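A.B. asks: Sharing a structure here in structure tokens format.
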Amino acid sequence: MVRLPEDLTLPDEFVPPERPERPATPKDAATVVLLRDSAHGPEVFLQRRVQNMPFAGGMTVFPGGGVDPRDADASVAWSGPPPQWWARRFECSEETARALVCAAVRETFEESGVLLAGPDADSVVADTRPYADARPRLVSKELSLAGFLADSGLVLRADLLRPWSNWVTPEAEPRRYDTRFFLAAMPAGQRADAVTTEAVDAYWRTPGDALGDWRQQRCGLLPPTWVTLSEVGACGSVDAALELERPLGKVLPQLVHRDGAWRVVLPGDPGYRADPDEE
């Protein structure tokens, strides 16, 4: 795994003044790295979150969010690797695996308008505008993903997603997520947008340019985003990234206060403790 730079620190307000007596149970979540090729290499779709968001406010992130219990609905029309395959890759139950894939598709559509689904197992929606009215209804939970796909005569395309990594929020934080990262190539004909209340800006960047924005303090990045940008940027093309086989063990970062700032340390880094409670 790519190692974090020393100057990647967290804002003080992201870390509670006191560590909770018991770590919060992480909530399952899904994040999708949308990719497209350009003359300068692969580009990723990024969003800058609203400043007052309860989690990662003001940070630049990939589309994604928490799993809705209804994402585990087994009636969802599905094409591609079955939940059993995803369960093996993410080392979780089949029910959780189904919910994660559905959350990845749902959150991507809600937050960017990109829909990883099609009329059948061999096609993808080319124009998502006819489905625009469903986005706010999905966000408000008036409509489930399974219900939306059924009403629209669409099939979820699990084969358009690739598993990439699994990050868990440090134990010191009150809001914790067990987030599985996916890759997906931008479907032909579709457009990613910023029509979401959770972001104030959205744009495409090469991973190198996005990291350059961070170095110039033009954006804030959380460690999983920084690492993912570095890893995807090293692939050279969208196809190379999608074809890469990777181990997916959980990454369990820890927070340390060093040199007057909060930093994240990863397993194998100096300062990482096998027992976080040790003195």
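Going through the structure tokens in order, the chains are called A, B, and so on, while each chain numbers its residues from 1 and the ligands are numbered from 1 in the order shown.
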For Leu229 of chain A, find every residue with an atom within 9 Å (counting only C-alpha atoms), except residues of its own chain fewer than 2 positions away, and show them as a PyMOL selection string.
C.D. replies: chain A and resi 44+206-208+210-211+224-227+231-234
A.B. asks: Quick one: write out the picked residues with N, CA, C and O atoms as a compact mmCIF listing (two decimals), in the first residue's frame?
C.D. replies:
```
# COMPACT_ATOMS: atom_id res chain seq x y z
N VAL A 44 -10.58 10.76 -12.56
CA VAL A 44 -11.54 10.32 -11.56
C VAL A 44 -12.54 11.44 -11.32
O VAL A 44 -12.22 12.63 -11.48
N THR A 206 -7.29 14.18 -13.23
CA THR A 206 -6.37 13.05 -13.18
C THR A 206 -5.95 12.90 -11.72
O THR A 206 -5.94 13.88 -10.96
N PRO A 207 -5.64 11.68 -11.26
CA PRO A 207 -5.20 11.52 -9.87
C PRO A 207 -4.00 12.42 -9.54
O PRO A 207 -3.93 12.99 -8.45
N GLY A 208 -3.07 12.56 -10.50
CA GLY A 208 -1.91 13.41 -10.25
C GLY A 208 -2.30 14.86 -10.03
O GLY A 208 -1.76 15.53 -9.13
N ALA A 210 -5.25 15.91 -8.96
CA ALA A 210 -5.98 15.98 -7.70
C ALA A 210 -5.01 16.03 -6.52
O ALA A 210 -5.21 16.80 -5.56
N LEU A 211 -3.97 15.22 -6.58
CA LEU A 211 -2.96 15.25 -5.52
C LEU A 211 -2.20 16.57 -5.54
O LEU A 211 -1.81 17.10 -4.49
N PRO A 224 -7.93 7.70 3.03
CA PRO A 224 -8.33 6.72 2.00
C PRO A 224 -8.40 7.31 0.60
O PRO A 224 -8.07 6.63 -0.38
N THR A 225 -8.82 8.57 0.50
CA THR A 225 -8.90 9.22 -0.81
C THR A 225 -7.50 9.47 -1.36
O THR A 225 -7.23 9.23 -2.54
N TRP A 226 -6.59 9.94 -0.50
CA TRP A 226 -5.22 10.19 -0.92
C TRP A 226 -4.56 8.92 -1.43
O TRP A 226 -3.95 8.90 -2.50
N VAL A 227 -4.71 7.83 -0.68
CA VAL A 227 -4.10 6.56 -1.07
C VAL A 227 -4.72 6.05 -2.37
O VAL A 227 -4.01 5.61 -3.28
N GLU A 231 -2.88 5.17 -5.89
CA GLU A 231 -2.89 3.82 -6.46
C GLU A 231 -3.49 3.80 -7.86
O GLU A 231 -2.94 3.17 -8.77
N VAL A 232 -4.62 4.47 -8.04
CA VAL A 232 -5.26 4.49 -9.35
C VAL A 232 -4.38 5.22 -10.37
O VAL A 232 -4.26 4.81 -11.53
N GLY A 233 -3.74 6.30 -9.92
CA GLY A 233 -2.88 7.05 -10.82
C GLY A 233 -1.72 6.24 -11.35
O GLY A 233 -1.22 6.48 -12.46
N ALA A 234 -1.29 5.25 -10.56
CA ALA A 234 -0.16 4.41 -10.98
C ALA A 234 -0.56 3.38 -12.02
O ALA A 234 0.31 2.73 -12.61
```
A.B. asks: Run DSSP on the backbone and tell me which residues of segment 26-198 of chain A come out as strand (DSSP E or B); list them as a PyMOL selection string.
C.D. replies: chain A and resi 27-38+41-49+60-61+64-66+78-79+117-118+155-157+161-168+177-185
A.B. asks: If we count only C-alpha atoms and set the cut-off at 10 Å, which residues sit around Pro247 of chain A, ignoring sequence neighbours fewer than 6 positions away in its own chain? Please answer as an MDAnalysis selection string.
C.D. replies: chainID A and resid 89:90 163:166
A.B. asks: Atom CA of Ala134 of chain A and atom CA of Arg36 of chain A, how far apart in Å?
C.D. replies: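 Interatomic distance here is 25.0 Å.
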A.B. asks: Neighbouring residues of Phe62 of chain A were defined as those with any atom within 8 Å, considering only C-alpha atoms; residues of the same chain fewer than 5 positions away were excluded. Please report them as a list in words.
C.D. replies: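 In the requested form, the answer reads Thr31, Val32, Val33, Leu34, Phe45, Leu46, Gln47 and Thr225 of chain A.
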A.B. asks: Which residues, written as an MDAnalysis selection string, have at least one atom at most 9 Å from segment 173-189 of chain A, with only C-alpha atoms counted and residues fewer than 2 positions away on the same chain left out?
C.D. replies: chainID A and resid 14:16 19:20 23:37 54:55 64:66 90 100:101 104 114:116 124:127 160:171 191:192 228 238:239 241:242 250 255
A.B. asks: Residues at most 7 Å from Ala121 of chain A, counting only C-alpha atoms, excluding those fewer than 3 positions away in the same chain, as a PDB file with N, CA, C and O atoms, in the first residue's frame?
C.D. replies:
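And here is the file that came out, around03.pdb:
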```pdb
ATOM      1  N   SER A  79     -27.282  -8.525 -12.552  1.00  0.00           N
ATOM      2  CA  SER A  79     -26.461  -9.158 -13.576  1.00  0.00           C
ATOM      3  C   SER A  79     -24.997  -8.995 -13.189  1.00  0.00           C
ATOM      4  O   SER A  79     -24.588  -7.933 -12.729  1.00  0.00           O
ATOM      5  N   GLY A 118     -28.923  -1.308 -16.730  1.00  0.00           N
ATOM      6  CA  GLY A 118     -29.358  -1.299 -18.118  1.00  0.00           C
ATOM      7  C   GLY A 118     -30.637  -2.080 -18.317  1.00  0.00           C
ATOM      8  O   GLY A 118     -31.101  -2.772 -17.400  1.00  0.00           O
ATOM      9  N   VAL A 155     -31.872  -3.554 -14.961  1.00  0.00           N
ATOM     10  CA  VAL A 155     -31.108  -4.598 -14.283  1.00  0.00           C
ATOM     11  C   VAL A 155     -29.832  -3.984 -13.714  1.00  0.00           C
ATOM     12  O   VAL A 155     -29.119  -3.257 -14.427  1.00  0.00           O
ATOM     13  N   ARG A 157     -26.100  -3.736 -12.905  1.00  0.00           N
ATOM     14  CA  ARG A 157     -24.938  -4.307 -13.594  1.00  0.00           C
ATOM     15  C   ARG A 157     -23.756  -4.412 -12.620  1.00  0.00           C
ATOM     16  O   ARG A 157     -22.856  -3.582 -12.606  1.00  0.00           O
TER      17      ARG A 157
END
```
A.B. asks: Could you work out how far atom CA of Gln190 of chain A lies from atom CA of Asp133 of chain A, giving the answer in Å with one decimal?
C.D. replies: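 Atom CA of Gln190 of chain A lies 16.2 Å from atom CA of Asp133 of chain A.
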A.B. asks: Restricting the calculation to only C-alpha atoms, which member of A:Asp73, A:Glu198, A:Asp213, A:Asp122 is positioned closest to Asn52 of chain A?
C.D. replies: A:Glu198
A.B. asks: Calculate how many Å separate atom CA of Ser75 of chain A from atom CA of Glu107 of chain A, rounding to one decimal.
C.D. replies: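 If I compute the distance from atom CA of Ser75 of chain A to atom CA of Glu107 of chain A, I get 18.6 Å.
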A.B. asks: Restricting the calculation to only C-alpha atoms, which member of A:Arg273, A:Arg49, A:Arg88, A:Arg106 is positioned closest to Arg137 of chain A?
C.D. replies: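 Looking at the shortest contact to Arg137 of chain A, the residue is A:Arg106.
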A.B. asks: Using only C-alpha atoms, pick whichever of A:Pro130, A:Gly271, A:His40, A:Leu222 has the shortest atom-to-atom distance to Arg258 of chain A.
C.D. replies: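 Result for the nearest residue to Arg258 of chain A: A:Gly271.
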